[in-house]
Each structure stands twice: as C-alpha cells, then as structure tokens.
$ cat structure33.cif   # mmCIF, C-alpha atoms (C1' of nucleotides)
data_final
#
loop_
_atom_site.group_PDB
_atom_site.id
_atom_site.type_symbol
_atom_site.label_atom_id
_atom_site.label_comp_id
_atom_site.auth_asym_id
_atom_site.auth_seq_id
_atom_site.Cartn_x
_atom_site.Cartn_y
_atom_site.Cartn_z
ATOM 1 C CA MET A 142 -33.060 69.397 -50.727
ATOM 2 C CA LYS A 143 -31.365 66.030 -51.036
ATOM 3 C CA ILE A 144 -30.078 64.298 -47.892
ATOM 4 C CA ALA A 145 -28.016 61.119 -48.110
ATOM 5 C CA THR A 146 -26.423 58.604 -45.767
ATOM 6 C CA TYR A 147 -23.451 56.481 -46.805
ATOM 7 C CA ASN A 148 -21.424 53.996 -44.761
ATOM 8 C CA VAL A 149 -18.153 54.323 -46.705
ATOM 9 C CA ASN A 150 -16.211 51.535 -44.923
ATOM 10 C CA GLY A 151 -12.970 53.534 -44.736
ATOM 11 C CA ILE A 152 -12.851 57.061 -46.171
ATOM 12 C CA LYS A 153 -9.204 56.796 -47.233
ATOM 13 C CA ALA A 154 -9.737 53.623 -49.245
ATOM 14 C CA ARG A 155 -13.040 55.001 -50.563
ATOM 15 C CA LEU A 156 -12.013 58.572 -51.396
ATOM 16 C CA PRO A 157 -12.091 58.297 -55.216
ATOM 17 C CA ARG A 158 -15.490 56.565 -55.055
ATOM 18 C CA LEU A 159 -16.824 59.092 -52.530
ATOM 19 C CA VAL A 160 -15.773 62.121 -54.582
ATOM 20 C CA GLU A 161 -17.202 60.467 -57.697
ATOM 21 C CA TRP A 162 -20.535 59.872 -55.921
ATOM 22 C CA LEU A 163 -20.687 63.465 -54.581
ATOM 23 C CA THR A 164 -19.930 64.839 -58.039
ATOM 24 C CA GLU A 165 -22.447 62.616 -59.817
ATOM 25 C CA THR A 166 -25.388 62.820 -57.411
ATOM 26 C CA GLN A 167 -24.842 66.239 -55.738
ATOM 27 C CA PRO A 168 -26.496 65.629 -52.353
ATOM 28 C CA ASP A 169 -27.009 68.825 -50.345
ATOM 29 C CA VAL A 170 -26.207 66.923 -47.144
ATOM 30 C CA ALA A 171 -24.232 63.680 -46.817
ATOM 31 C CA CYS A 172 -23.949 61.764 -43.547
ATOM 32 C CA LEU A 173 -20.985 59.372 -43.576
ATOM 33 C CA GLN A 174 -20.234 56.437 -41.297
ATOM 34 C CA GLU A 175 -17.247 54.166 -40.727
ATOM 35 C CA ILE A 176 -14.745 56.758 -41.912
ATOM 36 C CA LYS A 177 -12.150 54.739 -39.948
ATOM 37 C CA THR A 178 -9.729 57.607 -39.573
ATOM 38 C CA SER A 179 -8.484 59.847 -36.796
ATOM 39 C CA ASP A 180 -9.526 63.503 -36.698
ATOM 40 C CA GLU A 181 -6.056 64.552 -37.872
ATOM 41 C CA THR A 182 -6.091 62.443 -41.027
ATOM 42 C CA PHE A 183 -9.587 63.274 -42.318
ATOM 43 C CA PRO A 184 -9.256 64.226 -46.032
ATOM 44 C CA GLU A 185 -10.727 67.687 -45.561
ATOM 45 C CA ALA A 186 -9.015 69.261 -48.581
ATOM 46 C CA GLU A 187 -10.263 66.617 -51.019
ATOM 47 C CA ILE A 188 -13.818 66.946 -49.679
ATOM 48 C CA ARG A 189 -13.638 70.730 -49.956
ATOM 49 C CA ASP A 190 -12.295 70.480 -53.517
ATOM 50 C CA ALA A 191 -15.417 68.454 -54.331
ATOM 51 C CA GLY A 192 -17.500 71.423 -53.166
ATOM 52 C CA TYR A 193 -18.384 70.320 -49.635
ATOM 53 C CA GLY A 194 -17.862 71.720 -46.173
ATOM 54 C CA ALA A 195 -17.532 69.061 -43.483
ATOM 55 C CA ILE A 196 -17.401 68.303 -39.801
ATOM 56 C CA TRP A 197 -16.261 64.938 -38.491
ATOM 57 C CA HIS A 198 -15.845 62.853 -35.387
ATOM 58 C CA GLY A 199 -13.049 60.443 -36.132
ATOM 59 C CA GLN A 200 -11.454 57.452 -34.440
ATOM 60 C CA LYS A 201 -8.296 55.628 -35.410
ATOM 61 C CA GLY A 202 -9.032 52.375 -37.188
ATOM 62 C CA PHE A 203 -12.742 51.937 -36.445
ATOM 63 C CA ASN A 204 -16.083 53.707 -36.486
ATOM 64 C CA GLY A 205 -16.087 57.470 -37.157
ATOM 65 C CA VAL A 206 -18.855 59.699 -38.558
ATOM 66 C CA ALA A 207 -19.014 62.899 -40.614
ATOM 67 C CA VAL A 208 -21.527 65.397 -41.960
ATOM 68 C CA LEU A 209 -20.936 67.068 -45.331
ATOM 69 C CA ALA A 210 -22.822 70.032 -46.815
ATOM 70 C CA LYS A 211 -22.685 71.264 -50.390
ATOM 71 C CA GLY A 212 -21.325 74.812 -50.517
ATOM 72 C CA ALA A 213 -21.787 75.298 -46.787
ATOM 73 C CA ASP A 214 -20.189 74.540 -43.447
ATOM 74 C CA PRO A 215 -22.307 72.346 -41.139
ATOM 75 C CA VAL A 216 -22.647 73.864 -37.664
ATOM 76 C CA GLU A 217 -21.960 71.232 -35.015
ATOM 77 C CA ARG A 218 -24.676 70.763 -32.378
ATOM 78 C CA GLN A 219 -23.564 67.587 -30.630
ATOM 79 C CA ARG A 220 -20.886 64.925 -30.828
ATOM 80 C CA ARG A 221 -21.344 61.636 -28.998
ATOM 81 C CA LEU A 222 -24.686 60.447 -27.774
ATOM 82 C CA PRO A 223 -25.428 61.615 -24.218
ATOM 83 C CA GLY A 224 -26.044 59.107 -21.451
ATOM 84 C CA ASP A 225 -22.708 57.299 -20.972
ATOM 85 C CA ASP A 226 -19.452 59.173 -20.378
ATOM 86 C CA GLU A 227 -17.557 55.867 -20.597
ATOM 87 C CA ASP A 228 -18.593 55.360 -24.217
ATOM 88 C CA VAL A 229 -15.741 56.824 -26.267
ATOM 89 C CA LEU A 230 -16.593 55.265 -29.646
ATOM 90 C CA SER A 231 -17.240 57.764 -32.461
ATOM 91 C CA ARG A 232 -20.772 56.919 -33.527
ATOM 92 C CA TYR A 233 -22.857 60.109 -33.400
ATOM 93 C CA LEU A 234 -22.494 63.605 -34.870
ATOM 94 C CA GLU A 235 -25.311 66.145 -35.022
ATOM 95 C CA ALA A 236 -25.306 69.354 -37.045
ATOM 96 C CA GLU A 237 -27.462 72.183 -38.284
ATOM 97 C CA ILE A 238 -27.505 73.046 -41.975
ATOM 98 C CA ASP A 239 -29.755 75.647 -43.548
ATOM 99 C CA GLY A 240 -32.388 75.348 -40.811
ATOM 100 C CA LEU A 241 -32.357 71.543 -40.802
ATOM 101 C CA ILE A 242 -31.066 69.428 -37.912
ATOM 102 C CA VAL A 243 -29.281 66.329 -39.164
ATOM 103 C CA ALA A 244 -27.442 63.545 -37.355
ATOM 104 C CA SER A 245 -24.992 60.983 -38.732
ATOM 105 C CA ILE A 246 -25.535 57.752 -36.809
ATOM 106 C CA TYR A 247 -23.393 54.612 -36.679
ATOM 107 C CA LEU A 248 -25.358 52.296 -34.438
ATOM 108 C CA PRO A 249 -23.419 49.361 -32.916
ATOM 109 C CA ASN A 250 -23.559 46.096 -34.864
ATOM 110 C CA GLY A 251 -24.122 43.989 -31.741
ATOM 111 C CA ASN A 252 -22.770 40.609 -32.841
ATOM 112 C CA PRO A 253 -22.341 38.054 -31.453
ATOM 113 C CA VAL A 254 -25.662 37.381 -29.698
ATOM 114 C CA PRO A 255 -25.819 37.044 -26.771
ATOM 115 C CA GLY A 256 -22.891 38.957 -25.331
ATOM 116 C CA PRO A 257 -21.569 42.334 -24.184
ATOM 117 C CA LYS A 258 -21.604 43.762 -27.720
ATOM 118 C CA PHE A 259 -25.304 43.008 -28.057
ATOM 119 C CA GLU A 260 -25.964 44.557 -24.628
ATOM 120 C CA TYR A 261 -24.006 47.643 -25.754
ATOM 121 C CA LYS A 262 -26.165 47.859 -28.881
ATOM 122 C CA LEU A 263 -29.416 47.783 -26.889
ATOM 123 C CA THR A 264 -28.116 50.302 -24.352
ATOM 124 C CA TRP A 265 -27.014 52.575 -27.186
ATOM 125 C CA MET A 266 -30.468 52.340 -28.734
ATOM 126 C CA GLU A 267 -32.010 53.308 -25.397
ATOM 127 C CA ARG A 268 -29.730 56.357 -25.231
ATOM 128 C CA LEU A 269 -30.720 57.248 -28.806
ATOM 129 C CA HIS A 270 -34.377 56.937 -27.803
ATOM 130 C CA VAL A 271 -33.914 59.481 -25.005
ATOM 131 C CA HIS A 272 -31.960 61.947 -27.140
ATOM 132 C CA ALA A 273 -34.343 61.603 -30.107
ATOM 133 C CA ALA A 274 -37.308 62.464 -27.868
ATOM 134 C CA GLY A 275 -35.607 65.761 -27.069
ATOM 135 C CA LEU A 276 -35.109 66.481 -30.760
ATOM 136 C CA LEU A 277 -38.776 65.758 -31.510
ATOM 137 C CA ALA A 278 -39.779 68.176 -28.771
ATOM 138 C CA THR A 279 -38.166 71.003 -30.742
ATOM 139 C CA GLU A 280 -40.852 70.480 -33.439
ATOM 140 C CA ARG A 281 -38.200 71.336 -36.018
ATOM 141 C CA GLN A 282 -37.196 69.585 -39.240
ATOM 142 C CA VAL A 283 -34.878 66.774 -38.111
ATOM 143 C CA CYS A 284 -33.307 63.871 -40.041
ATOM 144 C CA LEU A 285 -31.578 61.054 -38.137
ATOM 145 C CA ALA A 286 -29.605 59.387 -40.919
ATOM 146 C CA GLY A 287 -27.224 56.511 -40.745
ATOM 147 C CA ASP A 288 -26.293 52.875 -40.478
ATOM 148 C CA TYR A 289 -28.729 51.630 -37.822
ATOM 149 C CA ASN A 290 -27.575 48.004 -38.069
ATOM 150 C CA VAL A 291 -31.216 46.971 -37.726
ATOM 151 C CA ILE A 292 -33.237 45.008 -40.310
ATOM 152 C CA PRO A 293 -36.692 46.335 -39.347
ATOM 153 C CA THR A 294 -38.827 43.409 -40.610
ATOM 154 C CA ASP A 295 -38.490 40.071 -42.404
ATOM 155 C CA ALA A 296 -39.453 41.894 -45.615
ATOM 156 C CA ASP A 297 -36.223 43.910 -45.346
ATOM 157 C CA VAL A 298 -33.871 40.973 -45.962
ATOM 158 C CA TRP A 299 -33.414 38.635 -48.901
ATOM 159 C CA LYS A 300 -33.712 35.511 -46.741
ATOM 160 C CA PRO A 301 -34.735 35.936 -43.094
ATOM 161 C CA ALA A 302 -33.609 32.435 -42.144
ATOM 162 C CA ALA A 303 -30.055 33.167 -43.247
ATOM 163 C CA MET A 304 -29.832 36.031 -40.749
ATOM 164 C CA ALA A 305 -32.048 34.648 -37.984
ATOM 165 C CA SER A 306 -29.339 34.506 -35.323
ATOM 166 C CA ASP A 307 -27.819 37.855 -36.287
ATOM 167 C CA ALA A 308 -27.949 40.886 -33.975
ATOM 168 C CA LEU A 309 -29.355 42.941 -36.873
ATOM 169 C CA MET A 310 -32.712 41.195 -36.733
ATOM 170 C CA GLN A 311 -33.136 40.039 -33.144
ATOM 171 C CA PRO A 312 -36.569 40.803 -31.650
ATOM 172 C CA GLU A 313 -34.928 43.174 -29.134
ATOM 173 C CA SER A 314 -33.200 45.143 -31.921
ATOM 174 C CA ARG A 315 -36.420 45.394 -33.887
ATOM 175 C CA ALA A 316 -38.464 46.371 -30.844
ATOM 176 C CA ALA A 317 -36.057 49.210 -30.069
ATOM 177 C CA PHE A 318 -36.271 50.422 -33.671
ATOM 178 C CA ARG A 319 -40.083 50.242 -33.607
ATOM 179 C CA ARG A 320 -40.155 52.077 -30.309
ATOM 180 C CA LEU A 321 -38.022 54.873 -31.783
ATOM 181 C CA ALA A 322 -40.315 55.163 -34.806
ATOM 182 C CA ALA A 323 -43.357 55.187 -32.514
ATOM 183 C CA GLN A 324 -42.108 58.402 -30.934
ATOM 184 C CA GLY A 325 -43.140 60.061 -34.188
ATOM 185 C CA TRP A 326 -40.298 59.407 -36.645
ATOM 186 C CA THR A 327 -41.007 58.446 -40.254
ATOM 187 C CA ASP A 328 -38.823 55.763 -41.863
ATOM 188 C CA ALA A 329 -38.460 57.602 -45.179
ATOM 189 C CA LEU A 330 -37.429 54.625 -47.346
ATOM 190 C CA HIS A 331 -40.257 52.503 -45.980
ATOM 191 C CA SER A 332 -42.687 55.371 -46.442
ATOM 192 C CA ARG A 333 -41.816 55.768 -50.115
ATOM 193 C CA HIS A 334 -41.358 52.035 -50.895
ATOM 194 C CA PRO A 335 -43.761 50.187 -48.562
ATOM 195 C CA ASN A 336 -44.242 47.099 -50.723
ATOM 196 C CA ASN A 337 -40.826 46.632 -52.302
ATOM 197 C CA PRO A 338 -38.051 47.384 -49.789
ATOM 198 C CA LEU A 339 -34.759 48.561 -51.242
ATOM 199 C CA TRP A 340 -31.563 46.884 -50.009
ATOM 200 C CA THR A 341 -28.827 49.200 -48.751
ATOM 201 C CA PHE A 342 -26.175 46.573 -47.926
ATOM 202 C CA TRP A 343 -24.747 43.536 -49.685
ATOM 203 C CA ASP A 344 -22.035 41.429 -48.024
ATOM 204 C CA TYR A 345 -18.671 41.270 -49.783
ATOM 205 C CA THR A 346 -18.694 37.493 -49.448
ATOM 206 C CA MET A 347 -20.687 34.746 -51.132
ATOM 207 C CA ASN A 348 -21.213 36.736 -54.329
ATOM 208 C CA SER A 349 -23.994 38.552 -52.481
ATOM 209 C CA PHE A 350 -24.336 41.584 -54.739
ATOM 210 C CA ALA A 351 -24.596 39.549 -57.940
ATOM 211 C CA ARG A 352 -27.276 37.386 -56.262
ATOM 212 C CA ASP A 353 -28.966 40.527 -54.863
ATOM 213 C CA ALA A 354 -28.689 38.901 -51.434
ATOM 214 C CA GLY A 355 -28.897 42.119 -49.454
ATOM 215 C CA PHE A 356 -30.854 43.817 -46.746
ATOM 216 C CA ARG A 357 -32.015 47.239 -45.551
ATOM 217 C CA ILE A 358 -30.167 48.690 -42.561
ATOM 218 C CA ASP A 359 -29.371 52.285 -43.575
ATOM 219 C CA HIS A 360 -32.270 54.487 -42.556
ATOM 220 C CA LEU A 361 -33.320 58.138 -42.682
ATOM 221 C CA MET A 362 -35.776 58.886 -39.869
ATOM 222 C CA LEU A 363 -37.745 62.128 -40.208
ATOM 223 C CA SER A 364 -39.448 64.316 -37.637
ATOM 224 C CA PRO A 365 -43.039 65.265 -38.538
ATOM 225 C CA ALA A 366 -41.978 68.697 -39.827
ATOM 226 C CA ALA A 367 -39.451 67.033 -42.155
ATOM 227 C CA ALA A 368 -41.736 64.139 -43.122
ATOM 228 C CA ASP A 369 -44.330 66.652 -44.305
ATOM 229 C CA ARG A 370 -41.810 67.709 -46.947
ATOM 230 C CA LEU A 371 -40.734 64.224 -48.091
ATOM 231 C CA VAL A 372 -40.882 63.899 -51.877
ATOM 232 C CA ASP A 373 -38.780 60.887 -52.805
ATOM 233 C CA ALA A 374 -36.359 58.292 -51.449
ATOM 234 C CA GLY A 375 -33.974 55.837 -53.040
ATOM 235 C CA VAL A 376 -30.709 53.910 -53.057
ATOM 236 C CA ASP A 377 -27.772 54.535 -55.420
ATOM 237 C CA LYS A 378 -27.434 50.803 -56.018
ATOM 238 C CA ASP A 379 -25.149 51.112 -59.036
ATOM 239 C CA HIS A 380 -22.452 52.656 -56.840
ATOM 240 C CA ARG A 381 -22.357 49.391 -54.840
ATOM 241 C CA GLY A 382 -21.457 47.530 -58.017
ATOM 242 C CA ARG A 383 -18.420 49.596 -58.927
ATOM 243 C CA GLU A 384 -14.745 48.775 -58.422
ATOM 244 C CA LYS A 385 -13.520 49.164 -54.833
ATOM 245 C CA ALA A 386 -17.048 49.909 -53.575
ATOM 246 C CA SER A 387 -18.187 50.008 -49.965
ATOM 247 C CA ASP A 388 -20.414 47.113 -48.885
ATOM 248 C CA HIS A 389 -23.161 49.709 -48.294
ATOM 249 C CA ALA A 390 -24.867 51.760 -51.005
ATOM 250 C CA PRO A 391 -25.612 55.486 -50.627
ATOM 251 C CA THR A 392 -29.216 55.979 -49.502
ATOM 252 C CA TRP A 393 -31.055 59.281 -49.980
ATOM 253 C CA ILE A 394 -34.224 61.323 -49.693
ATOM 254 C CA THR A 395 -35.443 64.564 -51.216
ATOM 255 C CA LEU A 396 -37.444 67.161 -49.281
ATOM 256 C CA ARG A 397 -39.495 70.017 -50.716
ATOM 257 C "C1'" DA B 105 -19.559 24.747 -37.609
ATOM 258 C "C1'" DT B 106 -16.901 27.198 -40.826
ATOM 259 C "C1'" DG B 107 -15.531 30.553 -44.204
ATOM 260 C "C1'" DA B 108 -16.082 33.718 -47.721
ATOM 261 C "C1'" DC B 109 -14.187 39.507 -48.586
ATOM 262 C "C1'" DT B 110 -12.479 44.050 -47.183
ATOM 263 C "C1'" DG B 111 -10.074 47.864 -44.550
ATOM 264 C "C1'" DG B 112 -7.019 49.164 -41.045
ATOM 265 C "C1'" DG B 113 -3.491 48.565 -37.518
ATOM 266 C "C1'" DT B 114 -0.352 46.242 -33.414
ATOM 267 C "C1'" DT B 115 0.991 44.747 -40.628
ATOM 268 C "C1'" DC B 116 3.545 39.989 -43.774
ATOM 269 C "C1'" DC B 117 -1.123 38.193 -39.379
ATOM 270 C "C1'" DC B 118 -4.972 39.734 -36.540
ATOM 271 C "C1'" DC B 119 -9.365 42.049 -35.567
ATOM 272 C "C1'" DA B 120 -13.909 43.880 -36.799
ATOM 273 C "C1'" DG B 121 -17.430 44.253 -39.841
ATOM 274 C "C1'" DA B 122 -22.788 42.652 -41.078
#
$ encode --input "structure33.cif" --output "structure tokens"
Amino acid sequence: MKIATYNVNGIKARLPRLVEWLTETQPDVACLQEIKTSDETFPEAEIRDAGYGAIWHGQKGFNGVAVLAKGADPVERQRRLPGDDEDVLSRYLEAEIDGLIVASIYLPNGNPVPGPKFEYKLTWMERLHVHAAGLLATERQVCLAGDYNVIPTDADVWKPAAMASDALMQPESRAAFRRLAAQGWTDALHSRHPNNPLWTFWDYTMNSFARDAGFRIDHLMLSPAAADRLVDAGVDKDHRGREKASDHAPTWITLR
DNA sequence: ATGACTGGGTTCCCCAGA
C-alpha cells in the first residue's frame, strides 16, 4: 500500500498536474493540503475520473485538506482538530481506508516570530499532541500525513542560517515535533533516509529548485502497527520541476 | 531590511505562503 502527502498549493490551478501525478504514480491514499477551495467548488468529478474517491474539508481562498483513495471512498472519522471551537481554519481531516486510519494535516506556518500566528502554531501542535495520543491508544495502523511546517533538525534544510529566524525551525516548533514523535510515532522519511534527508519543499523565489535550496517539512508519522509494515519512503522530486508545479513535492511511503 | 514567485480574492492591487 502506497500512502502519499502532497501540498498542492491550490487544487484548481494544480488540477492537470495532480491528475497527472495520480495517474503516473498510483498512490492508494493521497492526503492533500492547501486545496484553497470551498467545499462547493472541489473538483470531485475530475478526481473521480482519475480513479479516486475523495473527502474534503475546504475553505474559500486559503488552507483546505482532502483525502483521496484509489478505487474506494474514504470514510470520514474527524474533521477539525479537537480542542478549540473558535478555530475555524480547515487544517485537519481524518479518515479510515481499508483498515488504515489516515489524517491529512496542514499545520500552521507560524510566521512571523514572535507573534499571534506563532502562538497559534504552538497551540495547534499541542492540540495535535493530545489527539494523536488518543489515536496511538487504539493500537491500530495510523498515518498522520501532511505539511507540518516544521524543519525537524538542521540536517533537514539546505542552509540552516538562511532560515534561522523562521517559524519552521524555531526551538519551540522543533520541541513540539520531537515531543509528538516521542509518543511513539515514526518519522517514515527519516527512518528510511537517516543520513541523507530528502527535501520536500523548494521556494518559488531565488531559483531555489535549480540550486536544490530546499528543506523537509512534509512528514508521514506512523503508529507502531504501521511502522512495522514500512517498506520504503521517497519524494517525487521530478514533479516539483515541471511546468506550473506546486512549491511542494509529493512525498510517499509504502507499507507491506 | 528588502524582495524574489505563485495562487486566490475583496482582482488590475492586496494578502498569505514558507
């Protein structure tokens, strides 16, 4: 089983590229982020024509997450992260597919630091910590996949100094990510590529992709039952280099 | 200290992204 996460940066603008990627790489599950569309305007028919059932949690203009399943309809378990009824941003969608629990996560960016957006990021991570503990307690196969907006270590960025003041690599952001992992989650990409991290994002500006000036912020976190079945992990880097690409690359794992 | 790029909406400029 192949599970992927892909921050598409606008599903309407990305639709030809998204369908092309689904057709070429055939993930069984695809978690999308930043679909940037309202529920009413989600391109359900085009996704279905590509062979995928889908559920989505949209928002006009910003954010928005979806879960796609090849030849199946994901069964929704949860939309929105519990813990703050005031938080109306569309950043979390959890589903069950073929016995697997999977969540599409769009964690807040948090810039600028300091400020209310950074506080929101840390609070959101605390809420994720609480909810994730409940998922672990089920002892089931669970994959929390998405754009975490956290660069876990200095090894996960092309030049740490260039990003030093960024919310993505503040000590508080990293500590929250480490604390989540310490619950018992396996960072699948790190597990399979411990010595040569793969970038999942390259900025549109400054010729970043050509210089390979990227970093690793899209993560697939596995519960022990899922981690036991981990076979491989990778990044579809060539899709980042195509015309009208997202600034993120699709990131995937395979499970036995 | 700033801007480079891109997508989307309040669209012919502004905001947010990372």
$ resolve_selection --input "structure33.cif" --expression "the PyMOL selection byres ((chain B) within 10 of (chain A))" --output "NGL selection string"
:B and (107-113 or 120-122)
$ write_last_selection --input "structure33.cif" --atoms "C-alpha atoms (C1' of nucleotides)" --output "short mmCIF file (atom, residue, chain, number, x, y, z; two decimals), in the frame of the given file"
data_model
loop_
_atom_site.label_atom_id
_atom_site.label_comp_id
_atom_site.auth_asym_id
_atom_site.auth_seq_id
_atom_site.Cartn_x
_atom_site.Cartn_y
_atom_site.Cartn_z
"C1'" DG B 107 -15.53 30.55 -44.20
"C1'" DA B 108 -16.08 33.72 -47.72
"C1'" DC B 109 -14.19 39.51 -48.59
"C1'" DT B 110 -12.48 44.05 -47.18
"C1'" DG B 111 -10.07 47.86 -44.55
"C1'" DG B 112 -7.02 49.16 -41.04
"C1'" DG B 113 -3.49 48.56 -37.52
"C1'" DA B 120 -13.91 43.88 -36.80
"C1'" DG B 121 -17.43 44.25 -39.84
"C1'" DA B 122 -22.79 42.65 -41.08
#
$ residues_around --input "structure33.cif" --residues "Trp299 (chain A)" --least-positions-apart "6" --cutoff "12 Å" --atoms "all atoms listed in the file" --output "compact mmCIF listing (two decimals) with C-alpha atoms, in the frame of the given file"
# COMPACT_ATOMS: atom_id res chain seq x y z
CA ILE A 292 -33.24 45.01 -40.31
CA ALA A 305 -32.05 34.65 -37.98
CA ASN A 337 -40.83 46.63 -52.30
CA PRO A 338 -38.05 47.38 -49.79
CA LEU A 339 -34.76 48.56 -51.24
CA TRP A 340 -31.56 46.88 -50.01
CA THR A 341 -28.83 49.20 -48.75
CA PHE A 342 -26.18 46.57 -47.93
CA TRP A 343 -24.75 43.54 -49.68
CA ASP A 344 -22.04 41.43 -48.02
CA SER A 349 -23.99 38.55 -52.48
CA PHE A 350 -24.34 41.58 -54.74
CA ARG A 352 -27.28 37.39 -56.26
CA ASP A 353 -28.97 40.53 -54.86
CA ALA A 354 -28.69 38.90 -51.43
CA GLY A 355 -28.90 42.12 -49.45
CA PHE A 356 -30.85 43.82 -46.75
CA ARG A 357 -32.02 47.24 -45.55
$ closest_residue --input "structure33.cif" --among "A:Ile188, A:Cys284, A:Ala351, A:Leu173" --to "Leu241 (chain A)" --atoms "all atoms listed in the file"
A:Cys284
$ closest_residue --input "structure33.cif" --among "A:Ala303, A:Leu209, A:Ala366, A:Leu361" --to "Gly240 (chain A)" --atoms "all atoms listed in the file"
A:Ala366
$ residues_near_point --input "structure33.cif" --point "(-37.5, 69.0, -35.1)" --cutoff "10 Å" --atoms "all atoms listed in the file" --output "ChimeraX atom specification"
/A:240-243,273-284,363-367
$ resolve_selection --input "structure33.cif" --expression "the PyMOL selection byres ((chain A and resi 172) around 6)" --output "JSON, numbers by chain"
{"A": [146, 171, 173, 207, 208, 245]}
$ atom_distance --input "structure33.cif" --atom1 "CA of Val376 (chain A)" --atom2 "CA of Trp393 (chain A)"
6.2 Å
$ residues_around --input "structure33.cif" --residues "His334 (chain A)" --least-positions-apart "5" --cutoff "10 Å" --atoms "only C-alpha atoms (C1' of nucleotides)" --output "PyMOL selection string"
chain A and resi 329+339+373-375
$ atom_distance --input "structure33.cif" --atom1 "CA of Ala296 (chain A)" --atom2 "CA of His331 (chain A)"
10.6 Å
$ atom_distance --input "structure33.cif" --atom1 "CA of Leu248 (chain A)" --atom2 "CA of Trp265 (chain A)"
7.4 Å
$ closest_residue --input "structure33.cif" --among "A:Arg220, A:His360, A:Lys258, A:His272" --to "Val291 (chain A)" --atoms "only C-alpha atoms"
A:His360
